[in-house]
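Asker: Handing you this structure, nothing more for now.
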Amino acid sequence: MSAPRYKDVELPRIKRKSNSWEGKVIEYLLNHPSNKAATEFSMEALTAFWLPEALEGKVTNDELIKACWSAIEKLEGKLATIRRIAGIKKLPSSDTTLFSTSPETVNPTKNNENLNDDDEIRVSTSDDDDQTLDEDTDDLMELELSPEMKQINKLFGVE
């Protein structure tokens, strides 16, 4: 008996106006200094973004977790690159909102008179009493971070 045959799948051609943001991305990928095919860059991005959802319910839990970690590592690496390009030092945690103290967004008051334009104000947006996780009752897993994840966490200032 021969091995099962798998059919190829194809993503239809993507076309955008060259002056749009998406068009600029396509143009950048087509002319990337690495000379890597734009389709390969596209597949890397699509896979990192959609792989966990594509595999959910279709592979073993161990394989799903491995795929999720792979996606997380790739996306966090890209986030580090985006932060470097934009000069963003640290992203706010998910339970806080970051406000700039630039004159356009904050009016000086007695509470922030001594702040510089580079200072930040962190405001909690969650109710800590209601949002506390209890690891014993929520069945959270302890996962060992890969060396790449440890490096990415260090870049993001996460300990």
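Identifiers for the structure tokens are assigned positionally: chains receive A, B, ... in sequence, residues are indexed from 1 per chain, and ligands are indexed from 1 in the order shown.
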I want to know what sits within 12 Å of A:Glu73, based on only C-alpha atoms, with residues of the same chain fewer than 2 positions away left out; could you give that as a ChimeraX atom specification?
Answerer: /A:48-49,66-71,75-80,145-153
Asker: I'd like the neighbourhood of stretch 18-28 of chain A as a list in words, where a residue qualifies if any of its atoms comes within 12 Å (using only C-alpha atoms), though same-chain residues fewer than 4 positions away should be ignored.
Answerer: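 Non-adjacent residues within range: Arg13, Ile14, His32, Pro33, Ser34, Asn35, Lys36, Ala37, Ala38, Thr39, Phe41 and Ser42 of chain A.
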Asker: Keeping only N, CA and C atoms, write those residues as a PDB file, in the first residue's frame.
Answerer:
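Dumped everything to selection-v1.pdb:
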```pdb
ATOM      1  N   ARG A  13      -3.038  34.967  -5.582  1.00  0.00           N
ATOM      2  CA  ARG A  13      -2.122  36.100  -5.732  1.00  0.00           C
ATOM      3  C   ARG A  13      -2.651  37.318  -4.974  1.00  0.00           C
ATOM      4  N   ILE A  14      -1.731  38.055  -4.369  1.00  0.00           N
ATOM      5  CA  ILE A  14      -2.094  39.261  -3.619  1.00  0.00           C
ATOM      6  C   ILE A  14      -1.580  40.478  -4.378  1.00  0.00           C
ATOM      7  N   HIS A  32      13.873  42.933  -0.916  1.00  0.00           N
ATOM      8  CA  HIS A  32      14.602  42.751   0.349  1.00  0.00           C
ATOM      9  C   HIS A  32      16.086  42.501   0.082  1.00  0.00           C
ATOM     10  N   PRO A  33      16.970  43.099   0.896  1.00  0.00           N
ATOM     11  CA  PRO A  33      18.412  42.947   0.670  1.00  0.00           C
ATOM     12  C   PRO A  33      18.910  41.501   0.729  1.00  0.00           C
ATOM     13  N   SER A  34      18.178  40.625   1.377  1.00  0.00           N
ATOM     14  CA  SER A  34      18.610  39.231   1.488  1.00  0.00           C
ATOM     15  C   SER A  34      18.369  38.452   0.193  1.00  0.00           C
ATOM     16  N   ASN A  35      17.616  39.028  -0.724  1.00  0.00           N
ATOM     17  CA  ASN A  35      17.206  38.356  -1.964  1.00  0.00           C
ATOM     18  C   ASN A  35      16.368  37.106  -1.710  1.00  0.00           C
ATOM     19  N   LYS A  36      15.836  36.966  -0.513  1.00  0.00           N
ATOM     20  CA  LYS A  36      14.928  35.866  -0.200  1.00  0.00           C
ATOM     21  C   LYS A  36      13.593  36.144  -0.897  1.00  0.00           C
ATOM     22  N   ALA A  37      12.946  35.101  -1.339  1.00  0.00           N
ATOM     23  CA  ALA A  37      11.671  35.264  -2.048  1.00  0.00           C
ATOM     24  C   ALA A  37      10.617  35.882  -1.132  1.00  0.00           C
ATOM     25  N   ALA A  38       9.878  36.833  -1.685  1.00  0.00           N
ATOM     26  CA  ALA A  38       8.821  37.496  -0.925  1.00  0.00           C
ATOM     27  C   ALA A  38       7.791  36.491  -0.422  1.00  0.00           C
ATOM     28  N   THR A  39       7.557  35.428  -1.192  1.00  0.00           N
ATOM     29  CA  THR A  39       6.594  34.420  -0.755  1.00  0.00           C
ATOM     30  C   THR A  39       7.062  33.718   0.518  1.00  0.00           C
ATOM     31  N   PHE A  41       8.969  35.122   2.944  1.00  0.00           N
ATOM     32  CA  PHE A  41       8.707  36.062   4.035  1.00  0.00           C
ATOM     33  C   PHE A  41       7.228  36.041   4.407  1.00  0.00           C
ATOM     34  N   SER A  42       6.389  36.016   3.385  1.00  0.00           N
ATOM     35  CA  SER A  42       4.945  36.013   3.618  1.00  0.00           C
ATOM     36  C   SER A  42       4.513  34.769   4.378  1.00  0.00           C
TER      37      SER A  42
END
```
Asker: Report, in Å with one decimal, the straight-line distance from atom CA of A:Val9 to atom CA of A:Glu44.
Answerer: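 Atom-to-atom, atom CA of A:Val9 to atom CA of A:Glu44, that is 16.0 Å.
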Asker: In Å to one decimal, how far is atom CA of A:Leu155 from atom CA of A:Arg84?
Answerer: 10.0 Å
Asker: Tell me, which residues of stretch 7-86 of chain A carry DSSP alpha helix (DSSP H), written as number ranges by chain?
Answerer: A: 21-30, 38-55, 61-86
Asker: How would the residues just picked look written out with N, CA and C atoms as a compact mmCIF listing (two decimals), in the first residue's frame?
Answerer:
```txt
# COMPACT_ATOMS: atom_id res chain seq x y z
N TRP A 21 -0.02 51.26 2.37
CA TRP A 21 0.90 50.63 3.32
C TRP A 21 1.18 49.19 2.92
N GLU A 22 0.11 48.46 2.57
CA GLU A 22 0.28 47.06 2.17
C GLU A 22 1.13 46.96 0.91
N GLY A 23 0.94 47.89 -0.04
CA GLY A 23 1.73 47.91 -1.26
C GLY A 23 3.20 48.18 -0.94
N LYS A 24 3.46 49.06 0.00
CA LYS A 24 4.84 49.35 0.41
C LYS A 24 5.49 48.12 1.05
N VAL A 25 4.70 47.36 1.80
CA VAL A 25 5.23 46.12 2.40
C VAL A 25 5.60 45.13 1.30
N ILE A 26 4.72 44.95 0.34
CA ILE A 26 4.99 44.01 -0.76
C ILE A 26 6.24 44.45 -1.52
N GLU A 27 6.33 45.74 -1.83
CA GLU A 27 7.50 46.27 -2.54
C GLU A 27 8.78 46.03 -1.73
N TYR A 28 8.72 46.26 -0.43
CA TYR A 28 9.88 46.02 0.44
C TYR A 28 10.31 44.55 0.38
N LEU A 29 9.34 43.64 0.50
CA LEU A 29 9.65 42.22 0.47
C LEU A 29 10.21 41.78 -0.89
N LEU A 30 9.66 42.34 -1.96
CA LEU A 30 10.14 41.99 -3.30
C LEU A 30 11.59 42.43 -3.52
N ALA A 38 9.88 36.83 -1.68
CA ALA A 38 8.82 37.50 -0.93
C ALA A 38 7.79 36.49 -0.42
N THR A 39 7.56 35.43 -1.19
CA THR A 39 6.59 34.42 -0.75
C THR A 39 7.06 33.72 0.52
N GLU A 40 8.38 33.56 0.67
CA GLU A 40 8.90 32.92 1.88
C GLU A 40 8.70 33.82 3.10
N PHE A 41 8.97 35.12 2.94
CA PHE A 41 8.71 36.06 4.03
C PHE A 41 7.23 36.04 4.41
N SER A 42 6.39 36.02 3.38
CA SER A 42 4.94 36.01 3.62
C SER A 42 4.51 34.77 4.38
N MET A 43 5.03 33.62 3.99
CA MET A 43 4.67 32.37 4.67
C MET A 43 5.17 32.35 6.11
N GLU A 44 6.37 32.88 6.35
CA GLU A 44 6.88 32.96 7.72
C GLU A 44 5.94 33.79 8.60
N ALA A 45 5.51 34.93 8.08
CA ALA A 45 4.62 35.81 8.83
C ALA A 45 3.26 35.16 9.05
N LEU A 46 2.69 34.60 7.98
CA LEU A 46 1.39 33.94 8.09
C LEU A 46 1.44 32.78 9.09
N THR A 47 2.49 32.00 9.00
CA THR A 47 2.61 30.84 9.89
C THR A 47 2.75 31.27 11.34
N ALA A 48 3.60 32.26 11.61
CA ALA A 48 3.77 32.73 12.99
C ALA A 48 2.44 33.25 13.55
N PHE A 49 1.68 33.93 12.73
CA PHE A 49 0.44 34.55 13.18
C PHE A 49 -0.71 33.56 13.32
N TRP A 50 -0.83 32.61 12.39
CA TRP A 50 -2.02 31.76 12.34
C TRP A 50 -1.80 30.31 12.72
N LEU A 51 -0.56 29.84 12.89
CA LEU A 51 -0.30 28.43 13.13
C LEU A 51 -1.06 27.84 14.32
N PRO A 52 -1.05 28.47 15.49
CA PRO A 52 -1.78 27.85 16.62
C PRO A 52 -3.26 27.59 16.32
N GLU A 53 -3.91 28.54 15.67
CA GLU A 53 -5.33 28.35 15.35
C GLU A 53 -5.53 27.29 14.26
N ALA A 54 -4.59 27.24 13.32
CA ALA A 54 -4.70 26.24 12.25
C ALA A 54 -4.52 24.82 12.78
N LEU A 55 -3.70 24.66 13.82
CA LEU A 55 -3.44 23.32 14.36
C LEU A 55 -4.37 22.91 15.49
N ASN A 61 -1.74 17.59 21.82
CA ASN A 61 -1.55 18.75 22.69
C ASN A 61 -0.07 19.13 22.77
N ASP A 62 0.82 18.12 22.83
CA ASP A 62 2.26 18.40 22.87
C ASP A 62 2.72 19.13 21.61
N GLU A 63 2.23 18.67 20.45
CA GLU A 63 2.62 19.32 19.20
C GLU A 63 2.04 20.73 19.12
N LEU A 64 0.83 20.91 19.62
CA LEU A 64 0.21 22.24 19.64
C LEU A 64 1.01 23.19 20.52
N ILE A 65 1.41 22.74 21.69
CA ILE A 65 2.20 23.58 22.60
C ILE A 65 3.53 23.95 21.94
N LYS A 66 4.17 23.00 21.30
CA LYS A 66 5.44 23.26 20.61
C LYS A 66 5.23 24.31 19.51
N ALA A 67 4.16 24.18 18.75
CA ALA A 67 3.86 25.14 17.69
C ALA A 67 3.55 26.52 18.27
N CYS A 68 2.83 26.55 19.38
CA CYS A 68 2.51 27.83 20.03
C CYS A 68 3.78 28.53 20.49
N TRP A 69 4.69 27.79 21.11
CA TRP A 69 5.96 28.39 21.54
C TRP A 69 6.75 28.90 20.35
N SER A 70 6.76 28.16 19.26
CA SER A 70 7.46 28.60 18.06
C SER A 70 6.86 29.92 17.55
N ALA A 71 5.54 30.00 17.51
CA ALA A 71 4.87 31.22 17.05
C ALA A 71 5.17 32.39 17.99
N ILE A 72 5.10 32.14 19.29
CA ILE A 72 5.38 33.18 20.27
C ILE A 72 6.80 33.72 20.10
N GLU A 73 7.77 32.82 19.95
CA GLU A 73 9.16 33.24 19.78
C GLU A 73 9.34 34.10 18.54
N LYS A 74 8.72 33.71 17.43
CA LYS A 74 8.84 34.48 16.20
C LYS A 74 8.17 35.85 16.33
N LEU A 75 6.97 35.86 16.91
CA LEU A 75 6.25 37.13 17.04
C LEU A 75 6.92 38.06 18.04
N GLU A 76 7.42 37.52 19.15
CA GLU A 76 8.12 38.38 20.11
C GLU A 76 9.43 38.90 19.53
N GLY A 77 10.09 38.10 18.70
CA GLY A 77 11.29 38.58 18.02
C GLY A 77 10.96 39.74 17.09
N LYS A 78 9.86 39.63 16.36
CA LYS A 78 9.43 40.71 15.47
C LYS A 78 9.03 41.93 16.27
N LEU A 79 8.37 41.72 17.42
CA LEU A 79 8.03 42.86 18.28
C LEU A 79 9.28 43.60 18.74
N ALA A 80 10.34 42.86 19.06
CA ALA A 80 11.60 43.48 19.48
C ALA A 80 12.17 44.34 18.34
N THR A 81 12.08 43.85 17.11
CA THR A 81 12.56 44.61 15.96
C THR A 81 11.72 45.87 15.77
N ILE A 82 10.41 45.75 15.89
CA ILE A 82 9.52 46.91 15.74
C ILE A 82 9.81 47.95 16.82
N ARG A 83 10.00 47.49 18.06
CA ARG A 83 10.34 48.41 19.16
C ARG A 83 11.64 49.13 18.87
N ARG A 84 12.65 48.41 18.36
CA ARG A 84 13.95 49.02 18.06
C ARG A 84 13.79 50.08 16.98
N ILE A 85 13.07 49.77 15.91
CA ILE A 85 12.87 50.72 14.81
C ILE A 85 12.16 51.98 15.30
N ALA A 86 11.14 51.81 16.14
CA ALA A 86 10.35 52.94 16.62
C ALA A 86 10.98 53.64 17.82
```
Asker: Interatomic distance between atom CA of A:Lys58 and atom CA of A:Arg5?
Answerer: 18.1 Å
